[in-house]
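**Q** Structure provided below as structure tokens; questions to follow.
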Amino acid sequence: MRPALAVYALTAIVHLVLLSAMTAPGGPGLRNRLLAWDGGLYVGIAADGYADALTYTPQGQLTGSNLAFFPLYPLLIRALHGLTGLDHGLSAIVGAHLALVATLIVVHRLLERLYGRRTATIGIVLLAGAQPMAVSFFMGYSESLFLALAAGTLLAAHRRAWLTAGVLALLTGLTRPAAAAVVLALVVAAVLHLLRERRISWRPVAGVALGCVGTPAYLWWVGLRTGHLDAWFTVQKAGWGTHWDGGAAFFAFLGRTLAHSDGWIPVSTAVLLLALLCATVLAWRRDAWPPLVVYGTGIVVMTLGQSNYYHSKLRLLVPAVIFLVPAARALARAHRRTTVVVLTAATLFGCWYGAYMLTVWQYAI
């Protein structure tokens with residue numbers, strides 16, 4: 001646990017110090033920054049529950065609602081509020097930080113089993129510090145809880161603890177819709193195991209069956225609550241313009257931005273997304289563990305294949321992990337001084353970029 005705790009402490013300090021330093025006097029304070037945008041919706045769900053039905057404007061136009069947000073993270077907030085007496089906002093921040101500690105421990109353990117201790121330690125530094133929107137792990141967002149459960153599923157599958165993997169995948173499915181990538185990775189792990197064993201055993205099958213329950217259960221509940229079976233998809237499209245378009249919006253954004261835009265945020269987002277896409281392809285190596293490749297690539301494909309805000313895509317990609325592996329393996333082979341300098345510079349950039357997006361950029365992340 002020591003490497004994970006050390007990385008958490010160091011990256012938390014850098015993130016919060018930069019975020020505080022870049023917050024203008026008289027503006028929203030550090031707490032409000034950490035609860036910005038979706039954080040307020042999660043806190044509202046924890047405090048007051050979900051909407052009872054679909055919501056409309058006075059003109060009768062369907063709008064988004066908190067039904068778009070999955071329930072496990074609000075339940076964690078409510079549980080911490082009940083156990084500690086902290087208000088719901090502070091409980092959201094504490095819950096995210098606790099989940100991040102769990103994430104770093106589990107991801108470190110998984111990468112250590114796959115690539116060795118040095119690569120694992122470098123990998124979690126890149127994960128929590130160097131990613132451009134790693135700041136979302138420290139906010140009242142569900143990314144840290146999602147990755148803790150997703151990495152736990154992969155680790156359990158690697159250890160052939162199939163029922164544990166199934167339960168964790170189920171919980172992941174109650175955290176974010178991107179859990180489809182986790183379930184697919186679990187299916188791949190179970191199939192590979194069954195092919196090696198050359199016989200059907202009930203535990204891998206039961207684990208996969210458990211893992212498939214979470215997301216459909218929440219979508220079904222939203223349908224029952226609103227009286228429309230496709231209500232969740234309708235709310236997502238009405239509120240955030242999110243729907244599957246096969247990457248049309250992403251490629252249109254790239255073409256428009258790289259050819260005509262002079263704005264710092266769209267240009268940097270386009271360049272960073274292309275870099276992460278290339279790093280994902282580099283991770284498809286013969287010695288890569290297929291379930292990790294499937295999980296990470298699945299997150300990348302789902303994020304880039306949907307028509308949502310371009311300035312949210314870097315944040316949606318932070319749990320993918322897979323595109324960090326090539327850099328972590330390369331730095332593990334480099335001279336120690338080179339590794340330290342690169343990690344320091346990358347972490348400062350990643351922490352600054354997230355703070356900039358929260359303090360200067362005026363739109364949601």
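To be explicit about the labels: the chains of the structure tokens are called A, B, and onward in the order shown, and within each one the residues are counted from 1, while ligands get numbers from 1 in the order they are shown.
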Which region 109-167 of chain A residues have any atom within 12 Å of an atom of region 43-60 of chain A, and for each, what is the nearest pair of atoms with distance in Å to one decimal, counting only C-alpha atoms, rows sorted by chain and number, as JSON lines?
**A**
{"residue": "A:Met139", "atom": "CA", "partner": "A:Val43", "partner_atom": "CA", "distance": 11.6}
{"residue": "A:Gly140", "atom": "CA", "partner": "A:Val43", "partner_atom": "CA", "distance": 8.0}
{"residue": "A:Tyr141", "atom": "CA", "partner": "A:Val43", "partner_atom": "CA", "distance": 9.6}
{"residue": "A:Ser142", "atom": "CA", "partner": "A:Val43", "partner_atom": "CA", "distance": 11.3}
**Q** Considering only C-alpha atoms, can you say which of A:Ala128, A:Ile365, A:Leu67, A:Leu41 comes closest to Thr11 (chain A)?
**A** A:Ala128
**Q** DSSP on the backbone, alpha helix (DSSP H) only: what residues of region 120-259 of chain A does that give? Format it as a PyMOL selection string.
**A** chain A and resi 120-125+143-158+162-173+179-197+202-211+214-226+231-240+248-259
**Q** For Tyr363 (chain A), which of A:Leu18, A:Ile265, A:Leu127, A:Ala9 is the closest residue, counting only C-alpha atoms?
**A** A:Ile265
**Q** Dump as a tab-separated table the rows for residues of region 106-125 of chain A within 8 Å of region 321-328 of chain A: closest atom pair and distance in Å with one decimal, only C-alpha atoms counted, ordered by chain and rising residue number.
**A**
residue	atom	partner	partner_atom	distance
A:Thr119	CA	A:Ala328	CA	5.4
A:Ala120	CA	A:Ala328	CA	7.5
A:Ile122	CA	A:Ala328	CA	5.5
A:Gly123	CA	A:Ala328	CA	5.1
**Q** Could you name the residues that touch Thr347 (chain A) at 8 Å or less, counting only C-alpha atoms, but leaving out those on the same chain fewer than 4 positions away, as a list in words?
**A**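 Counting only the stated atoms, we get Thr11, Val125, Leu126, Gly129, Ala130, Gln131, Leu343 and Cys351 of chain A.
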**Q** Once you have the residues from the selection above, write them out as a PDB file, in the first residue's frame, restricted to C-alpha atoms.
**A**
ATOM      1  CA  THR A  11      -0.621  14.226  -6.318  1.00  0.00           C
ATOM      2  CA  VAL A 125       1.859   8.447 -10.933  1.00  0.00           C
ATOM      3  CA  LEU A 126       0.764   8.919 -14.541  1.00  0.00           C
ATOM      4  CA  GLY A 129      -0.987  13.170 -11.661  1.00  0.00           C
ATOM      5  CA  ALA A 130      -0.036  13.372 -15.320  1.00  0.00           C
ATOM      6  CA  GLN A 131      -3.363  12.815 -17.057  1.00  0.00           C
ATOM      7  CA  LEU A 343       7.219  12.269 -14.249  1.00  0.00           C
ATOM      8  CA  CYS A 351      -2.309  19.147 -12.492  1.00  0.00           C
TER       9      CYS A 351
END
**Q** Quick one: residues within 9 Å of Tyr8 (chain A), only C-alpha atoms counted, chain neighbours fewer than 5 positions away excluded, as a list in words?
**A**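 The residues satisfying every condition are Pro3, Ile13, His97, Leu100, Val101, Leu104, Ile124, Val125, Ala128 and Gly129 of chain A.
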**Q** Mind checking which residues fall within 9 Å of Ala249 (chain A), counting only C-alpha atoms, ignoring those fewer than 5 positions away in the same chain, and posting them as a count of residues only?
**A** 7
**Q** Find the residues near region 90-95 of chain A: any atom within 12 Å, counting only C-alpha atoms, skip ones fewer than 5 places away on the same chain, and give them as a PyMOL selection string.
**A** chain A and resi 30-36+38-47+72-85+100-102+135-146+148
**Q** Keeping only N, CA and C atoms, take the residues you just selected and write them out as a short mmCIF file (atom, residue, chain, number, x, y, z; two decimals), in the first residue's frame.
**A**
data_model
loop_
_atom_site.label_atom_id
_atom_site.label_comp_id
_atom_site.auth_asym_id
_atom_site.auth_seq_id
_atom_site.Cartn_x
_atom_site.Cartn_y
_atom_site.Cartn_z
N LEU A 30 -12.19 26.67 -2.96
CA LEU A 30 -11.70 25.34 -3.32
C LEU A 30 -12.82 24.30 -3.21
N ARG A 31 -13.60 24.36 -2.15
CA ARG A 31 -14.70 23.40 -1.98
C ARG A 31 -15.66 23.47 -3.16
N ASN A 32 -16.05 24.68 -3.55
CA ASN A 32 -16.98 24.82 -4.67
C ASN A 32 -16.38 24.32 -5.97
N ARG A 33 -15.08 24.53 -6.15
CA ARG A 33 -14.43 24.01 -7.36
C ARG A 33 -14.50 22.48 -7.39
N LEU A 34 -14.29 21.86 -6.26
CA LEU A 34 -14.29 20.40 -6.20
C LEU A 34 -15.69 19.81 -6.32
N LEU A 35 -16.70 20.66 -6.16
CA LEU A 35 -18.09 20.20 -6.29
C LEU A 35 -18.77 20.82 -7.52
N ALA A 36 -17.97 21.31 -8.46
CA ALA A 36 -18.54 21.98 -9.62
C ALA A 36 -19.23 21.00 -10.55
N ASP A 38 -21.06 18.38 -12.46
CA ASP A 38 -21.76 17.14 -12.10
C ASP A 38 -21.70 16.87 -10.60
N GLY A 39 -20.68 17.39 -9.93
CA GLY A 39 -20.59 17.19 -8.49
C GLY A 39 -21.83 17.69 -7.77
N GLY A 40 -22.36 18.83 -8.18
CA GLY A 40 -23.57 19.35 -7.56
C GLY A 40 -24.77 18.44 -7.79
N LEU A 41 -24.83 17.81 -8.95
CA LEU A 41 -25.94 16.89 -9.23
C LEU A 41 -25.84 15.64 -8.36
N TYR A 42 -24.63 15.11 -8.20
CA TYR A 42 -24.46 13.95 -7.34
C TYR A 42 -24.84 14.27 -5.89
N VAL A 43 -24.43 15.44 -5.42
CA VAL A 43 -24.77 15.85 -4.05
C VAL A 43 -26.28 16.00 -3.92
N GLY A 44 -26.92 16.57 -4.94
CA GLY A 44 -28.37 16.71 -4.91
C GLY A 44 -29.09 15.38 -4.85
N ILE A 45 -28.60 14.40 -5.60
CA ILE A 45 -29.21 13.06 -5.55
C ILE A 45 -29.06 12.46 -4.15
N ALA A 46 -27.86 12.59 -3.59
CA ALA A 46 -27.61 12.03 -2.25
C ALA A 46 -28.51 12.68 -1.21
N ALA A 47 -28.73 13.98 -1.34
CA ALA A 47 -29.51 14.71 -0.33
C ALA A 47 -31.02 14.58 -0.54
N LEU A 72 -24.65 4.48 -7.46
CA LEU A 72 -23.76 3.98 -6.42
C LEU A 72 -22.97 5.09 -5.74
N TYR A 73 -22.47 6.05 -6.51
CA TYR A 73 -21.71 7.15 -5.89
C TYR A 73 -22.60 8.01 -4.99
N PRO A 74 -23.82 8.40 -5.40
CA PRO A 74 -24.70 9.10 -4.45
C PRO A 74 -24.99 8.28 -3.19
N LEU A 75 -25.09 6.96 -3.33
CA LEU A 75 -25.29 6.12 -2.14
C LEU A 75 -24.08 6.16 -1.23
N LEU A 76 -22.88 6.19 -1.82
CA LEU A 76 -21.66 6.33 -1.01
C LEU A 76 -21.67 7.67 -0.27
N ILE A 77 -22.06 8.74 -0.96
CA ILE A 77 -22.14 10.05 -0.31
C ILE A 77 -23.11 10.01 0.86
N ARG A 78 -24.28 9.43 0.62
CA ARG A 78 -25.29 9.36 1.69
C ARG A 78 -24.79 8.52 2.86
N ALA A 79 -24.09 7.43 2.57
CA ALA A 79 -23.57 6.58 3.64
C ALA A 79 -22.53 7.32 4.47
N LEU A 80 -21.62 8.03 3.81
CA LEU A 80 -20.61 8.80 4.55
C LEU A 80 -21.26 9.92 5.36
N HIS A 81 -22.28 10.55 4.80
CA HIS A 81 -23.01 11.58 5.53
C HIS A 81 -23.64 11.00 6.80
N GLY A 82 -24.24 9.82 6.68
CA GLY A 82 -24.86 9.20 7.84
C GLY A 82 -23.86 8.72 8.88
N LEU A 83 -22.71 8.22 8.41
CA LEU A 83 -21.71 7.67 9.33
C LEU A 83 -20.90 8.75 10.03
N THR A 84 -20.60 9.84 9.33
CA THR A 84 -19.66 10.84 9.87
C THR A 84 -20.33 12.12 10.31
N GLY A 85 -21.55 12.39 9.83
CA GLY A 85 -22.19 13.66 10.14
C GLY A 85 -21.72 14.81 9.27
N LEU A 100 -10.29 7.05 -4.54
CA LEU A 100 -9.03 7.19 -5.28
C LEU A 100 -7.91 6.41 -4.59
N VAL A 101 -7.85 6.44 -3.28
CA VAL A 101 -6.85 5.64 -2.57
C VAL A 101 -7.01 4.17 -2.92
N ALA A 102 -8.26 3.68 -2.90
CA ALA A 102 -8.53 2.29 -3.27
C ALA A 102 -8.12 2.04 -4.72
N VAL A 135 -7.59 15.67 -12.28
CA VAL A 135 -8.20 16.41 -11.18
C VAL A 135 -9.60 15.90 -10.87
N SER A 136 -10.28 15.29 -11.85
CA SER A 136 -11.63 14.79 -11.60
C SER A 136 -11.64 13.66 -10.58
N PHE A 137 -10.51 12.95 -10.41
CA PHE A 137 -10.42 11.93 -9.37
C PHE A 137 -10.58 12.54 -7.97
N PHE A 138 -10.23 13.80 -7.82
CA PHE A 138 -10.24 14.45 -6.51
C PHE A 138 -11.52 15.26 -6.28
N MET A 139 -12.40 15.28 -7.27
CA MET A 139 -13.62 16.07 -7.19
C MET A 139 -14.81 15.20 -6.79
N GLY A 140 -15.95 15.85 -6.63
CA GLY A 140 -17.18 15.12 -6.33
C GLY A 140 -17.75 14.46 -7.56
N TYR A 141 -16.94 13.68 -8.24
CA TYR A 141 -17.31 12.95 -9.44
C TYR A 141 -17.18 11.45 -9.16
N SER A 142 -17.75 10.64 -10.05
CA SER A 142 -17.76 9.19 -9.82
C SER A 142 -16.58 8.47 -10.47
N GLU A 143 -15.67 9.20 -11.13
CA GLU A 143 -14.55 8.54 -11.83
C GLU A 143 -13.69 7.68 -10.91
N SER A 144 -13.38 8.18 -9.73
CA SER A 144 -12.49 7.41 -8.85
C SER A 144 -13.18 6.14 -8.35
N LEU A 145 -14.46 6.22 -8.01
CA LEU A 145 -15.19 5.03 -7.58
C LEU A 145 -15.31 4.03 -8.73
N PHE A 146 -15.61 4.53 -9.91
CA PHE A 146 -15.74 3.65 -11.07
C PHE A 146 -14.44 2.89 -11.33
N ALA A 148 -11.93 2.32 -9.25
CA ALA A 148 -11.63 1.40 -8.16
C ALA A 148 -12.33 0.05 -8.37
#
**Q** Would you kindly return, as a PyMOL selection string, each protein, DNA or RNA residue with an atom no farther than 12 Å from any atom of Val301 (chain A), considering only C-alpha atoms and excluding same-chain residues fewer than 6 positions away?
**A** chain A and resi 178+180-181+244-247+250+273+276-277+280-281+293-295+307+313+316-317+320
**Q** Give me a file of those residues, with N, CA, C and O atoms, as a PDB file, in the first residue's frame.
**A**
ATOM      1  N   ALA A 178     -20.272   3.266 -18.610  1.00  0.00           N
ATOM      2  CA  ALA A 178     -19.064   2.728 -19.228  1.00  0.00           C
ATOM      3  C   ALA A 178     -18.695   1.357 -18.670  1.00  0.00           C
ATOM      4  O   ALA A 178     -17.744   0.730 -19.151  1.00  0.00           O
ATOM      5  N   ALA A 180     -19.967  -1.218 -19.338  1.00  0.00           N
ATOM      6  CA  ALA A 180     -20.049  -2.202 -20.420  1.00  0.00           C
ATOM      7  C   ALA A 180     -18.661  -2.693 -20.813  1.00  0.00           C
ATOM      8  O   ALA A 180     -18.476  -3.876 -21.142  1.00  0.00           O
ATOM      9  N   ALA A 181     -17.655  -1.810 -20.763  1.00  0.00           N
ATOM     10  CA  ALA A 181     -16.286  -2.210 -21.076  1.00  0.00           C
ATOM     11  C   ALA A 181     -15.746  -3.172 -20.029  1.00  0.00           C
ATOM     12  O   ALA A 181     -14.970  -4.088 -20.341  1.00  0.00           O
ATOM     13  N   TRP A 244     -25.011   7.553 -29.292  1.00  0.00           N
ATOM     14  CA  TRP A 244     -23.983   6.880 -30.085  1.00  0.00           C
ATOM     15  C   TRP A 244     -24.067   7.350 -31.533  1.00  0.00           C
ATOM     16  O   TRP A 244     -25.116   7.281 -32.167  1.00  0.00           O
ATOM     17  N   ASP A 245     -22.962   7.844 -32.061  1.00  0.00           N
ATOM     18  CA  ASP A 245     -22.931   8.274 -33.456  1.00  0.00           C
ATOM     19  C   ASP A 245     -21.752   7.676 -34.218  1.00  0.00           C
ATOM     20  O   ASP A 245     -21.425   8.125 -35.321  1.00  0.00           O
ATOM     21  N   GLY A 246     -21.102   6.694 -33.617  1.00  0.00           N
ATOM     22  CA  GLY A 246     -19.991   6.031 -34.290  1.00  0.00           C
ATOM     23  C   GLY A 246     -18.750   6.882 -34.458  1.00  0.00           C
ATOM     24  O   GLY A 246     -17.877   6.559 -35.264  1.00  0.00           O
ATOM     25  N   GLY A 247     -18.640   7.965 -33.696  1.00  0.00           N
ATOM     26  CA  GLY A 247     -17.465   8.826 -33.773  1.00  0.00           C
ATOM     27  C   GLY A 247     -17.612   9.987 -34.726  1.00  0.00           C
ATOM     28  O   GLY A 247     -16.652  10.767 -34.930  1.00  0.00           O
ATOM     29  N   PHE A 250     -16.872  13.287 -33.036  1.00  0.00           N
ATOM     30  CA  PHE A 250     -15.455  13.382 -32.681  1.00  0.00           C
ATOM     31  C   PHE A 250     -14.604  13.751 -33.901  1.00  0.00           C
ATOM     32  O   PHE A 250     -13.770  14.660 -33.841  1.00  0.00           O
ATOM     33  N   LEU A 273      -6.265  14.188 -27.266  1.00  0.00           N
ATOM     34  CA  LEU A 273      -7.084  13.029 -27.616  1.00  0.00           C
ATOM     35  C   LEU A 273      -6.389  12.175 -28.664  1.00  0.00           C
ATOM     36  O   LEU A 273      -6.403  10.936 -28.582  1.00  0.00           O
ATOM     37  N   LEU A 276      -3.617  10.239 -26.897  1.00  0.00           N
ATOM     38  CA  LEU A 276      -4.136   9.114 -26.115  1.00  0.00           C
ATOM     39  C   LEU A 276      -4.606   7.987 -27.024  1.00  0.00           C
ATOM     40  O   LEU A 276      -4.452   6.798 -26.690  1.00  0.00           O
ATOM     41  N   LEU A 277      -5.162   8.344 -28.165  1.00  0.00           N
ATOM     42  CA  LEU A 277      -5.585   7.318 -29.123  1.00  0.00           C
ATOM     43  C   LEU A 277      -4.378   6.551 -29.659  1.00  0.00           C
ATOM     44  O   LEU A 277      -4.398   5.311 -29.751  1.00  0.00           O
ATOM     45  N   THR A 280      -3.068   4.242 -27.016  1.00  0.00           N
ATOM     46  CA  THR A 280      -3.911   3.051 -26.888  1.00  0.00           C
ATOM     47  C   THR A 280      -3.524   2.008 -27.917  1.00  0.00           C
ATOM     48  O   THR A 280      -3.420   0.807 -27.608  1.00  0.00           O
ATOM     49  N   VAL A 281      -3.294   2.441 -29.154  1.00  0.00           N
ATOM     50  CA  VAL A 281      -2.872   1.503 -30.202  1.00  0.00           C
ATOM     51  C   VAL A 281      -1.521   0.889 -29.856  1.00  0.00           C
ATOM     52  O   VAL A 281      -1.296  -0.318 -30.057  1.00  0.00           O
ATOM     53  N   VAL A 293      -6.613  -4.838 -22.208  1.00  0.00           N
ATOM     54  CA  VAL A 293      -6.696  -4.180 -23.513  1.00  0.00           C
ATOM     55  C   VAL A 293      -8.155  -3.967 -23.902  1.00  0.00           C
ATOM     56  O   VAL A 293      -8.538  -2.885 -24.385  1.00  0.00           O
ATOM     57  N   VAL A 294      -8.977  -4.968 -23.685  1.00  0.00           N
ATOM     58  CA  VAL A 294     -10.398  -4.859 -24.037  1.00  0.00           C
ATOM     59  C   VAL A 294     -11.076  -3.790 -23.187  1.00  0.00           C
ATOM     60  O   VAL A 294     -11.850  -2.969 -23.699  1.00  0.00           O
ATOM     61  N   TYR A 295     -10.795  -3.787 -21.884  1.00  0.00           N
ATOM     62  CA  TYR A 295     -11.399  -2.780 -21.007  1.00  0.00           C
ATOM     63  C   TYR A 295     -10.999  -1.367 -21.431  1.00  0.00           C
ATOM     64  O   TYR A 295     -11.859  -0.501 -21.655  1.00  0.00           O
ATOM     65  N   SER A 307     -21.654  11.364 -29.135  1.00  0.00           N
ATOM     66  CA  SER A 307     -21.737  12.795 -29.436  1.00  0.00           C
ATOM     67  C   SER A 307     -22.007  13.562 -28.145  1.00  0.00           C
ATOM     68  O   SER A 307     -23.154  13.835 -27.800  1.00  0.00           O
ATOM     69  N   LYS A 313     -14.422  14.989 -22.939  1.00  0.00           N
ATOM     70  CA  LYS A 313     -13.897  13.683 -23.346  1.00  0.00           C
ATOM     71  C   LYS A 313     -12.615  13.313 -22.600  1.00  0.00           C
ATOM     72  O   LYS A 313     -12.412  12.146 -22.257  1.00  0.00           O
ATOM     73  N   LEU A 316     -13.704  11.929 -19.336  1.00  0.00           N
ATOM     74  CA  LEU A 316     -14.331  10.619 -19.466  1.00  0.00           C
ATOM     75  C   LEU A 316     -13.312   9.510 -19.720  1.00  0.00           C
ATOM     76  O   LEU A 316     -13.583   8.337 -19.462  1.00  0.00           O
ATOM     77  N   LEU A 317     -12.136   9.888 -20.220  1.00  0.00           N
ATOM     78  CA  LEU A 317     -11.108   8.899 -20.530  1.00  0.00           C
ATOM     79  C   LEU A 317     -10.184   8.583 -19.360  1.00  0.00           C
ATOM     80  O   LEU A 317      -9.401   7.637 -19.443  1.00  0.00           O
ATOM     81  N   ALA A 320      -9.480   4.925 -18.209  1.00  0.00           N
ATOM     82  CA  ALA A 320      -9.157   3.899 -19.208  1.00  0.00           C
ATOM     83  C   ALA A 320      -7.886   3.130 -18.893  1.00  0.00           C
ATOM     84  O   ALA A 320      -7.780   1.942 -19.197  1.00  0.00           O
TER      85      ALA A 320
END
**Q** Which residue, A:Gly239, A:Gly166, A:Pro319, A:Pro28, has the smallest gap to Thr297 (chain A) when you use only C-alpha atoms?
**A**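 Answer, going by the shortest atom-to-atom distance: A:Pro319.
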**Q** Please indicate the distance in Å from CA of Leu186 (chain A) to CA of Met302 (chain A), rounded to one decimal place.
**A**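 Separation between CA of Leu186 (chain A) and CA of Met302 (chain A): 16.9 Å.
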**Q** Would you give me, as a list in words, the residues in region 27-119 of chain A that DSSP reads as strand (DSSP E)?
**A**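 Listing strand (DSSP E) positions across region 27-119 of chain A yields Thr55, Tyr56, Leu62 and Thr63 of chain A.
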**Q** Output the selection as a PDB file, in the first residue's frame - N, CA and C atoms for each residue.
**A**
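Listing of result_1.pdb after writing:
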ATOM      1  N   THR A  55     -38.663  15.428 -17.010  1.00  0.00           N
ATOM      2  CA  THR A  55     -38.872  16.852 -16.770  1.00  0.00           C
ATOM      3  C   THR A  55     -38.953  17.604 -18.099  1.00  0.00           C
ATOM      4  N   TYR A  56     -39.768  18.665 -18.086  1.00  0.00           N
ATOM      5  CA  TYR A  56     -40.014  19.428 -19.308  1.00  0.00           C
ATOM      6  C   TYR A  56     -39.916  20.917 -19.013  1.00  0.00           C
ATOM      7  N   LEU A  62     -38.599  18.410 -23.611  1.00  0.00           N
ATOM      8  CA  LEU A  62     -37.948  17.511 -22.656  1.00  0.00           C
ATOM      9  C   LEU A  62     -36.570  18.036 -22.284  1.00  0.00           C
ATOM     10  N   THR A  63     -36.205  17.958 -21.001  1.00  0.00           N
ATOM     11  CA  THR A  63     -34.901  18.409 -20.534  1.00  0.00           C
ATOM     12  C   THR A  63     -34.173  17.265 -19.838  1.00  0.00           C
TER      13      THR A  63
END
**Q** Provide the CA of Ala169 (chain A) to CA of Thr153 (chain A) distance in Å, to one decimal place.
**A**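 The value is 5.8 Å.
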**Q** Here is a test: counting only C-alpha atoms, which residue of A:Gly241, A:Leu194, A:Gly350, A:Ala330 is nearest to Ala283 (chain A)?
**A** A:Ala330
